[in-house]
Structure formats: structure tokens, C-alpha cells
$ cat my_file23.tsv   # TSV, C-alpha atoms and all ligand atoms
chain	number	residue	atom	x	y	z
A	25	MET	CA	-14.96	22.54	-42.93
A	26	LYS	CA	-13.42	22.44	-39.48
A	27	LEU	CA	-9.94	21.06	-39.13
A	28	ARG	CA	-9.77	18.34	-36.52
A	29	ARG	CA	-6.66	18.18	-34.43
A	30	ALA	CA	-5.24	14.74	-33.82
A	31	PRO	CA	-5.77	13.62	-30.20
A	32	ILE	CA	-2.74	14.18	-27.97
A	33	GLU	CA	-0.57	11.18	-27.14
A	34	SER	CA	0.98	12.48	-23.96
A	35	LEU	CA	0.28	15.00	-21.24
A	36	THR	CA	2.67	16.72	-18.84
A	37	VAL	CA	1.28	17.88	-15.50
A	38	ASP	CA	3.82	19.59	-13.25
A	39	ASP	CA	6.90	17.39	-13.56
A	40	LEU	CA	5.06	14.21	-14.51
A	41	LEU	CA	4.65	12.83	-18.01
A	42	PHE	CA	1.59	10.70	-18.74
A	43	ALA	CA	1.00	8.62	-21.85
A	44	VAL	CA	-2.59	9.07	-23.05
A	45	SER	CA	-4.65	6.09	-24.24
A	46	TRP	CA	-7.88	7.04	-25.95
A	47	SER	CA	-10.81	4.68	-25.93
A	48	ARG	CA	-14.23	4.84	-27.52
A	49	ARG	CA	-15.59	2.48	-24.89
A	50	ARG	CA	-14.51	4.44	-21.82
A	51	ARG	CA	-16.92	6.79	-20.09
A	52	THR	CA	-14.67	8.15	-17.34
A	53	ILE	CA	-11.09	9.39	-17.14
A	54	GLY	CA	-8.79	6.89	-15.44
A	55	ILE	CA	-5.19	7.04	-14.34
A	56	SER	CA	-2.81	4.16	-13.88
A	57	VAL	CA	0.59	3.99	-12.24
A	58	ALA	CA	2.67	0.92	-13.03
A	59	ARG	CA	6.28	0.12	-12.36
A	60	GLU	CA	6.94	-0.98	-15.88
A	61	GLY	CA	4.12	0.76	-17.68
A	62	GLY	CA	4.82	4.18	-16.20
A	63	LEU	CA	2.06	6.78	-15.91
A	64	ARG	CA	-0.96	6.50	-18.14
A	65	VAL	CA	-4.19	8.42	-18.60
A	66	LEU	CA	-7.11	6.41	-19.94
A	67	ALA	CA	-9.37	8.86	-21.69
A	68	PRO	CA	-12.79	8.56	-23.32
A	69	ALA	CA	-12.59	9.61	-26.98
A	70	GLY	CA	-13.39	13.28	-27.53
A	71	VAL	CA	-12.56	14.66	-24.09
A	72	PRO	CA	-10.79	18.03	-24.49
A	73	ALA	CA	-7.13	18.16	-23.41
A	74	ARG	CA	-7.90	20.90	-20.83
A	75	LYS	CA	-10.45	18.72	-19.11
A	76	LEU	CA	-8.02	15.81	-19.15
A	77	GLU	CA	-5.36	17.94	-17.52
A	78	SER	CA	-7.60	19.18	-14.73
A	79	ALA	CA	-8.75	15.62	-14.01
A	80	VAL	CA	-5.12	14.49	-13.78
A	81	ARG	CA	-4.21	17.47	-11.59
A	82	ALA	CA	-6.98	16.60	-9.15
A	83	LYS	CA	-5.51	13.10	-8.83
A	84	LEU	CA	-1.85	14.17	-8.45
A	85	PRO	CA	-1.64	13.49	-4.69
A	86	TRP	CA	-2.82	9.93	-5.33
A	87	VAL	CA	-0.36	9.53	-8.24
A	88	ARG	CA	2.55	10.75	-6.08
A	89	ARG	CA	1.56	8.41	-3.26
A	90	LYS	CA	1.50	5.45	-5.70
A	91	LEU	CA	4.89	6.42	-7.11
A	92	ALA	CA	6.32	6.56	-3.57
A	93	GLU	CA	4.91	3.08	-2.87
A	94	LEU	CA	6.54	1.70	-6.01
A	95	ASP	CA	9.83	3.36	-5.04
A	96	ALA	CA	9.64	1.67	-1.66
A	97	LEU	CA	9.31	-1.71	-3.37
A	98	GLY	CA	12.66	-1.16	-5.03
A	99	PRO	CA	13.60	-2.39	-8.49
A	100	PRO	CA	11.99	-5.59	-9.71
A	101	PRO	CA	14.09	-8.70	-9.05
A	102	PRO	CA	16.37	-9.78	-11.88
A	103	ARG	CA	14.73	-12.14	-14.34
A	104	PRO	CA	15.76	-15.74	-13.84
A	105	ARG	CA	18.31	-17.18	-16.24
A	106	PHE	CA	17.22	-20.78	-15.63
A	107	VAL	CA	20.65	-21.97	-14.61
A	108	ALA	CA	21.40	-24.73	-12.10
A	109	GLY	CA	21.27	-23.55	-8.48
A	110	GLU	CA	18.97	-20.61	-9.13
A	111	ARG	CA	15.85	-20.37	-6.93
A	112	LEU	CA	12.45	-20.15	-8.59
A	113	PRO	CA	9.14	-19.31	-6.88
A	114	TYR	CA	5.98	-21.34	-6.48
A	115	LEU	CA	3.11	-20.66	-4.04
A	116	GLY	CA	5.14	-18.24	-1.95
A	117	ARG	CA	8.23	-20.42	-1.58
A	118	THR	CA	11.31	-20.80	-3.71
A	119	TYR	CA	12.84	-24.04	-4.95
A	120	ARG	CA	16.33	-24.64	-6.21
A	121	LEU	CA	16.68	-25.49	-9.88
A	122	THR	CA	18.50	-28.57	-11.11
A	123	LEU	CA	19.09	-29.50	-14.74
A	124	VAL	CA	18.16	-33.04	-15.72
A	125	ASP	CA	18.50	-35.01	-18.95
A	126	ALA	CA	15.27	-34.82	-20.91
A	127	ALA	CA	15.19	-38.64	-21.13
A	128	GLU	CA	14.64	-38.72	-17.35
A	129	MET	CA	11.67	-36.38	-17.55
A	130	PRO	CA	8.75	-38.25	-19.14
A	131	GLY	CA	6.18	-35.80	-17.76
A	132	GLY	CA	7.59	-32.78	-19.60
A	133	PRO	CA	10.54	-30.39	-19.47
A	134	VAL	CA	9.66	-28.91	-16.02
A	135	ALA	CA	8.86	-30.75	-12.79
A	136	LEU	CA	8.76	-30.02	-9.07
A	137	ARG	CA	10.09	-33.12	-7.34
A	138	ARG	CA	11.54	-33.79	-3.88
A	139	GLY	CA	11.64	-30.08	-3.08
A	140	ARG	CA	13.46	-29.05	-6.23
A	141	PHE	CA	12.54	-27.70	-9.62
A	142	GLU	CA	13.85	-29.84	-12.43
A	143	LEU	CA	14.38	-28.50	-15.92
A	144	ALA	CA	15.36	-30.47	-18.99
A	145	ARG	CA	18.93	-29.69	-19.99
A	146	GLY	CA	19.62	-27.81	-23.20
A	147	LEU	CA	16.36	-25.86	-23.52
A	148	ASP	CA	18.22	-22.52	-23.55
A	149	GLY	CA	15.91	-19.86	-24.94
A	150	GLU	CA	12.84	-22.08	-24.48
A	151	ALA	CA	13.29	-22.52	-20.73
A	152	ARG	CA	11.14	-19.55	-19.78
A	153	GLY	CA	8.30	-20.67	-22.05
A	154	ALA	CA	8.46	-24.16	-20.55
A	155	PHE	CA	8.21	-22.68	-17.04
A	156	VAL	CA	5.35	-20.37	-17.98
A	157	ARG	CA	3.45	-23.41	-19.33
A	158	TRP	CA	4.16	-25.32	-16.12
A	159	TYR	CA	2.98	-22.41	-13.96
A	160	ALA	CA	-0.14	-21.90	-16.09
A	161	GLU	CA	-1.02	-25.60	-15.90
A	162	HIS	CA	-0.62	-25.58	-12.10
A	163	ALA	CA	-2.51	-22.30	-11.85
A	164	ARG	CA	-5.42	-23.90	-13.73
A	165	ALA	CA	-5.57	-26.84	-11.33
A	166	ARG	CA	-5.05	-24.73	-8.20
A	167	LEU	CA	-7.46	-21.95	-9.10
A	168	GLY	CA	-10.08	-24.39	-10.35
A	169	ALA	CA	-9.95	-26.19	-7.00
A	170	ARG	CA	-10.00	-22.98	-4.93
A	171	VAL	CA	-12.91	-21.55	-6.93
A	172	ALA	CA	-14.81	-24.83	-6.36
A	173	HIS	CA	-14.04	-24.53	-2.63
A	174	PHE	CA	-15.04	-20.88	-2.23
A	175	ALA	CA	-17.94	-20.59	-4.70
A	176	PRO	CA	-20.54	-22.12	-2.31
A	177	LEU	CA	-19.21	-19.98	0.56
A	178	VAL	CA	-19.50	-16.79	-1.49
A	179	GLY	CA	-22.78	-18.03	-2.94
A	180	ALA	CA	-21.73	-17.39	-6.54
A	181	THR	CA	-20.73	-19.91	-9.16
A	182	PRO	CA	-18.89	-18.56	-12.20
A	183	ALA	CA	-19.70	-19.82	-15.70
A	184	GLY	CA	-16.03	-20.59	-16.19
A	185	VAL	CA	-12.53	-20.14	-14.81
A	186	VAL	CA	-9.83	-18.90	-17.17
A	187	VAL	CA	-6.08	-18.65	-16.52
A	188	ARG	CA	-4.09	-16.33	-18.75
A	189	ASP	CA	-1.64	-13.45	-18.82
A	190	LEU	CA	-3.38	-10.36	-17.41
A	191	GLY	CA	-0.40	-8.04	-17.76
A	192	THR	CA	1.45	-6.32	-14.94
A	193	ARG	CA	-1.43	-4.62	-13.16
A	194	ARG	CA	-4.13	-7.20	-12.56
A	195	TRP	CA	-4.30	-10.52	-10.76
A	196	GLY	CA	-7.90	-11.32	-11.57
A	197	VAL	CA	-10.87	-10.11	-13.59
A	198	CYS	CA	-14.57	-10.87	-13.31
A	199	ASP	CA	-16.73	-10.38	-16.39
A	200	GLY	CA	-20.19	-9.58	-15.09
A	201	ARG	CA	-21.83	-10.31	-18.43
A	202	THR	CA	-20.35	-13.73	-19.22
A	203	ARG	CA	-19.83	-14.55	-15.50
A	204	ILE	CA	-16.36	-15.84	-16.31
A	205	VAL	CA	-13.60	-15.19	-13.78
A	206	SER	CA	-10.05	-14.91	-15.09
A	207	PHE	CA	-6.80	-15.11	-13.17
A	208	HIS	CA	-3.19	-14.31	-14.01
A	209	TRP	CA	-1.07	-17.45	-14.23
A	210	GLU	CA	1.52	-15.60	-12.11
A	211	LEU	CA	-0.82	-15.81	-9.15
A	212	VAL	CA	0.63	-19.24	-8.31
A	213	LEU	CA	3.94	-17.57	-7.54
A	214	GLN	CA	2.20	-15.97	-4.53
A	215	PRO	CA	1.54	-17.65	-1.15
A	216	PRO	CA	-1.69	-19.72	-0.89
A	217	GLU	CA	-3.42	-17.18	1.39
A	218	ILE	CA	-2.96	-14.50	-1.26
A	219	VAL	CA	-4.19	-16.80	-4.04
A	220	ASP	CA	-7.31	-17.43	-1.95
A	221	TYR	CA	-7.86	-13.71	-1.36
A	222	VAL	CA	-7.88	-13.01	-5.12
A	223	VAL	CA	-10.26	-15.95	-5.66
A	224	VAL	CA	-12.75	-14.69	-3.05
A	225	HIS	CA	-12.40	-11.14	-4.38
A	226	GLU	CA	-13.28	-12.12	-7.95
A	227	LEU	CA	-16.13	-14.40	-6.85
A	228	ALA	CA	-17.61	-11.56	-4.77
A	229	HIS	CA	-17.63	-9.46	-7.96
A	230	LEU	CA	-20.23	-11.87	-9.36
A	231	HIS	CA	-22.60	-10.25	-6.83
A	232	GLU	CA	-21.20	-6.73	-6.71
A	233	PRO	CA	-19.31	-5.26	-9.67
A	234	ASN	CA	-17.92	-2.33	-7.65
A	235	HIS	CA	-15.75	-2.07	-4.54
A	236	GLY	CA	-18.48	-0.55	-2.38
A	237	PRO	CA	-19.31	-1.40	1.25
A	238	ARG	CA	-21.63	-4.21	0.13
A	239	PHE	CA	-18.79	-5.81	-1.82
A	240	TRP	CA	-16.42	-5.76	1.16
A	241	ARG	CA	-19.14	-7.08	3.48
A	242	ARG	CA	-19.48	-10.11	1.23
A	243	VAL	CA	-15.73	-10.67	1.21
A	244	THR	CA	-15.58	-10.27	5.02
A	245	VAL	CA	-18.19	-12.98	5.62
A	246	VAL	CA	-16.01	-15.54	3.84
A	247	MET	CA	-12.59	-14.11	4.68
A	248	PRO	CA	-12.54	-11.89	7.79
A	249	ASP	CA	-8.78	-11.20	7.47
A	250	TRP	CA	-8.90	-10.01	3.84
A	251	LYS	CA	-7.29	-6.66	4.70
A	252	ARG	CA	-4.11	-8.32	5.89
A	253	ARG	CA	-4.00	-10.47	2.75
A	254	ARG	CA	-4.65	-7.51	0.46
A	255	ALA	CA	-1.87	-5.52	2.16
A	256	ALA	CA	0.49	-8.48	1.73
A	257	LEU	CA	-0.39	-8.67	-1.94
A	258	SER	CA	0.24	-5.00	-2.65
A	259	SER	CA	3.49	-4.97	-0.70
A	260	ARG	CA	4.71	-7.92	-2.74
A	261	GLY	CA	3.61	-6.32	-5.97
A	262	HIS	CA	4.54	-8.25	-9.07
A	263	ARG	CA	7.86	-9.07	-7.51
A	264	HIS	CA	8.16	-12.55	-8.88
A	265	THR	CA	7.84	-11.85	-12.56
A	266	ILE	CA	9.70	-14.63	-14.26
B	301	ZN	ZN	-12.10	-5.95	-7.59

$ encode --input "my_file23.tsv" --output "C-alpha cells" --more "lines below"
Ligand SMILES: [Zn+2]
Amino acid sequence: MKLRRAPIESLTVDDLLFAVSWSRRRRTIGISVAREGGLRVLAPAGVPARKLESAVRAKLPWVRRKLAELDALGPPPPRPRFVAGERLPYLGRTYRLTLVDAAEMPGGPVALRRGRFELARGLDGEARGAFVRWYAEHARARLGARVAHFAPLVGATPAGVVVRDLGTRRWGVCDGRTRIVSFHWELVLQPPEIVDYVVVHELAHLHEPNHGPRFWRRVTVVMPDWKRRRAALSSRGHRHTI
């Protein structure tokens, strides 16, 4: 009987350490570079370590370029503490936070009123959760409306629009099988023109799953200045993680 070695969990190529995630569903070797997630190799189950290493080596210039881009972004902003006077983002702007007695807030513990964010006093550790719920609720309304606006222009109507947490690397996902488009709730922290770019991008995926020339032609018809918007999105990164 042959002894099977356990699959490796990490891989060092030159001076770079990659965590290895094995997947039975993957067909191709992928690499991801994330500010918080670090370097990761996504590997189809059963690929030999030597093959993995040579695939990573071939992509090293790209990995180094990505790392330099992340360096240029600088460290992520400090997480908000939800104290009075702090500025919190919404649709590309920031609004000063004031604390209000819960009795004066019938609509819930978070509100955006007269150019200020209001937060019910005394929430302490629950403040972030209350804000995330507020953002997700507004993301649902905003993205639902923008999808309804752009769907006829792109010529593709999704079966549903979902807002959820998509982690630190993705703003939107299009499932070609269920035809459901999903968006990160954090998208509503970005300016409206960036929100719209992600909407058009995901709707175009209903026609074209890949980022080939046909995909970008579709995007261009609806949004000729998508390149500027995409550049703005990547330069902002996930800078407003709350
Ligand atoms: Zn895409």
C-alpha cells in the first residue's frame, strides 16, 4: 500500500510565503493577494507541489506588482469606535456622528438626518452591528434600484439581487447558473459612480461569464467611462472597512 503524504499547507517561493487552499472543485491554480488575507494559492486537489511552485513562480511578477500597489495604499484606516464627533462614510462622503437618546430614535438605533449620522446612546459593543445593519438595509434599497435602472440598458435581468458580506476581496458576484447577482453591503460606502460601475459589471456577467473583449464591449455600451471608475475603485481598495 502506498503511503499518501498530507497535502502541503504553505509554499515558499523566493522570499514569499503563500498559504495553500486545496479545493476539489477547482480546475486551475489561482493566486490571490489581499491586504488582510496575505498571499494565497488556490489549488485543485491532487496537484503535485512541484507543479504548484512553478505555477506560482511564473506569476511572481504579478504578485510583486500587486504587493507594491497594496503598499502604496498604506495601512487600512483605523476602525471606527462609534464615538461622538467621529466621521463615518456613506456613498463616498463622510458624516459626523452624534449620539442621541434611543427614545428619540423611533426608526431604529442608526439614522442619517440633517447631514449627520445619529446613533442611539449606550449601544457600546453593539454599535458596529447596528451600523452594519443600517448599511446593509440601505445597500439593498440602493442596489435594487440601480439594478432596476441598468438591467434594461444592459439587456439582462437577474433572477434576484442579494446583499451580503463578500469578504475583503470582492464587491460583487454573478452566479451564471441561478442568475442571481450579489453585492457586498460595503459597496454603499463607495461613491455612487463606483456603485454603478459594479452594478453594470455584474449585470454584464449575465451575458458573458469571463472578462474577455465581448464582456468589456457590453460594459462600454452602457458605461463608456468604466475604466476611470474601475481605477477609482481599485485605488480606494477596501479603505472604508468599518
Ligand atoms: Zn467580473

$ residues_near_ligand --input "my_file23.tsv" --ligand "ligand ZN 301 (chain B)" --cutoff "10 Å" --atoms "only C-alpha atoms and all ligand atoms" --output "PyMOL selection string"
chain A and resi 194-198+222+224-229+232-236+239-240

$ residues_around --input "my_file23.tsv" --residues "stretch 109-118 of chain A" --least-positions-apart "2" --cutoff "9 Å" --atoms "all atoms listed in the file" --output "list in words"
Pro104, Arg105, Phe106, Val107, Arg120, Leu121, Thr122, Leu123, Arg140, Phe141, Tyr159, Leu211, Val212, Leu213, Gln214, Pro215, Pro216, Ile218, Val219, His264 and Ile266 of chain A

$ closest_residue --input "my_file23.tsv" --among "A:Ala255, A:Val178, A:Val71, A:Leu97" --to "A:His231" --atoms "only C-alpha atoms"
A:Val178

$ closest_residue --input "my_file23.tsv" --among "A:Leu91, A:Val37, A:Gly132, A:Pro85" --to "A:Gly62" --atoms "only C-alpha atoms"
A:Leu91

$ atom_distance --input "my_file23.tsv" --atom1 "atom CA of A:Trp209" --atom2 "atom CA of A:His162"
8.4 Å

$ atom_distance --input "my_file23.tsv" --atom1 "atom CA of A:Ser34" --atom2 "atom CA of A:Asp189"
26.6 Å

$ atom_distance --input "my_file23.tsv" --atom1 "atom CA of A:Thr202" --atom2 "atom CA of A:Val185"
11.0 Å

$ residues_around --input "my_file23.tsv" --residues "A:Arg157" --least-positions-apart "3" --cutoff "12 Å" --atoms "only C-alpha atoms" --output "list in words"
Gly132, Pro133, Val134, Ala135, Glu150, Ala151, Arg152, Gly153, Ala154, Ala160, Glu161, His162, Ala163, Arg164, Val187, Arg188, Asp189, Trp209, Glu210 and Ile266 of chain A

$ closest_residue --input "my_file23.tsv" --among "A:Ala180, A:Leu84, A:Ala79, A:Leu40" --to "A:Leu63" --atoms "all atoms listed in the file"
A:Leu40

$ build_atoms --input "my_file23.tsv" --residues "stretch 181-214 of chain A" --atoms "N, CA and C atoms" --output "CSV table (one decimal), in the frame of the given file"
chain,number,residue,atom,x,y,z
A,181,THR,N,-21.5,-19.0,-8.3
A,181,THR,CA,-20.7,-19.9,-9.2
A,181,THR,C,-20.5,-19.3,-10.5
A,182,PRO,N,-19.2,-19.2,-10.9
A,182,PRO,CA,-18.9,-18.6,-12.2
A,182,PRO,C,-19.2,-19.5,-13.3
A,183,ALA,N,-19.4,-19.0,-14.5
A,183,ALA,CA,-19.7,-19.8,-15.7
A,183,ALA,C,-18.4,-20.5,-16.2
A,184,GLY,N,-17.3,-20.0,-15.8
A,184,GLY,CA,-16.0,-20.6,-16.2
A,184,GLY,C,-14.9,-19.9,-15.5
A,185,VAL,N,-13.8,-20.7,-15.4
A,185,VAL,CA,-12.5,-20.1,-14.8
A,185,VAL,C,-11.4,-20.2,-15.9
A,186,VAL,N,-10.8,-19.0,-16.1
A,186,VAL,CA,-9.8,-18.9,-17.2
A,186,VAL,C,-8.5,-18.5,-16.5
A,187,VAL,N,-7.4,-19.1,-17.0
A,187,VAL,CA,-6.1,-18.6,-16.5
A,187,VAL,C,-5.3,-18.1,-17.7
A,188,ARG,N,-4.8,-16.9,-17.6
A,188,ARG,CA,-4.1,-16.3,-18.8
A,188,ARG,C,-3.2,-15.2,-18.2
A,189,ASP,N,-2.5,-14.6,-19.2
A,189,ASP,CA,-1.6,-13.4,-18.8
A,189,ASP,C,-2.5,-12.2,-18.7
A,190,LEU,N,-2.6,-11.6,-17.6
A,190,LEU,CA,-3.4,-10.4,-17.4
A,190,LEU,C,-2.5,-9.1,-17.3
A,191,GLY,N,-1.3,-9.2,-17.8
A,191,GLY,CA,-0.4,-8.0,-17.8
A,191,GLY,C,0.2,-7.8,-16.4
A,192,THR,N,0.7,-6.6,-16.2
A,192,THR,CA,1.4,-6.3,-14.9
A,192,THR,C,0.6,-5.6,-13.9
A,193,ARG,N,-0.7,-5.4,-14.1
A,193,ARG,CA,-1.4,-4.6,-13.2
A,193,ARG,C,-2.6,-5.4,-12.5
A,194,ARG,N,-3.0,-6.5,-13.1
A,194,ARG,CA,-4.1,-7.2,-12.6
A,194,ARG,C,-3.8,-8.7,-12.2
A,195,TRP,N,-4.4,-9.1,-11.1
A,195,TRP,CA,-4.3,-10.5,-10.8
A,195,TRP,C,-5.5,-11.3,-11.2
A,196,GLY,N,-6.7,-10.6,-11.2
A,196,GLY,CA,-7.9,-11.3,-11.6
A,196,GLY,C,-8.9,-10.4,-12.2
A,197,VAL,N,-9.8,-10.9,-13.0
A,197,VAL,CA,-10.9,-10.1,-13.6
A,197,VAL,C,-12.2,-10.9,-13.5
A,198,CYS,N,-13.3,-10.2,-13.3
A,198,CYS,CA,-14.6,-10.9,-13.3
A,198,CYS,C,-15.4,-10.2,-14.4
A,199,ASP,N,-15.9,-10.9,-15.3
A,199,ASP,CA,-16.7,-10.4,-16.4
A,199,ASP,C,-18.2,-10.6,-16.0
A,200,GLY,N,-18.8,-9.5,-15.6
A,200,GLY,CA,-20.2,-9.6,-15.1
A,200,GLY,C,-21.2,-10.1,-16.1
A,201,ARG,N,-20.9,-9.9,-17.4
A,201,ARG,CA,-21.8,-10.3,-18.4
A,201,ARG,C,-21.7,-11.8,-18.7
A,202,THR,N,-20.5,-12.3,-18.9
A,202,THR,CA,-20.4,-13.7,-19.2
A,202,THR,C,-20.2,-14.6,-17.9
A,203,ARG,N,-20.0,-13.9,-16.8
A,203,ARG,CA,-19.8,-14.6,-15.5
A,203,ARG,C,-18.6,-15.5,-15.5
A,204,ILE,N,-17.6,-15.1,-16.3
A,204,ILE,CA,-16.4,-15.8,-16.3
A,204,ILE,C,-15.3,-15.1,-15.4
A,205,VAL,N,-14.7,-15.8,-14.6
A,205,VAL,CA,-13.6,-15.2,-13.8
A,205,VAL,C,-12.3,-15.6,-14.4
A,206,SER,N,-11.4,-14.6,-14.5
A,206,SER,CA,-10.0,-14.9,-15.1
A,206,SER,C,-9.0,-14.6,-14.1
A,207,PHE,N,-7.9,-15.4,-14.1
A,207,PHE,CA,-6.8,-15.1,-13.2
A,207,PHE,C,-5.5,-15.1,-13.9
A,208,HIS,N,-4.5,-14.3,-13.4
A,208,HIS,CA,-3.2,-14.3,-14.0
A,208,HIS,C,-2.5,-15.6,-13.6
A,209,TRP,N,-1.8,-16.2,-14.6
A,209,TRP,CA,-1.1,-17.4,-14.2
A,209,TRP,C,0.0,-17.2,-13.2
A,210,GLU,N,0.5,-15.9,-13.1
A,210,GLU,CA,1.5,-15.6,-12.1
A,210,GLU,C,1.0,-15.7,-10.7
A,211,LEU,N,-0.3,-15.7,-10.5
A,211,LEU,CA,-0.8,-15.8,-9.2
A,211,LEU,C,-0.2,-17.0,-8.4
A,212,VAL,N,0.1,-18.1,-9.1
A,212,VAL,CA,0.6,-19.2,-8.3
A,212,VAL,C,2.1,-19.0,-7.8
A,213,LEU,N,2.6,-17.9,-8.1
A,213,LEU,CA,3.9,-17.6,-7.5
A,213,LEU,C,3.7,-17.0,-6.1
A,214,GLN,N,2.5,-16.6,-5.8
A,214,GLN,CA,2.2,-16.0,-4.5
A,214,GLN,C,1.8,-17.0,-3.5
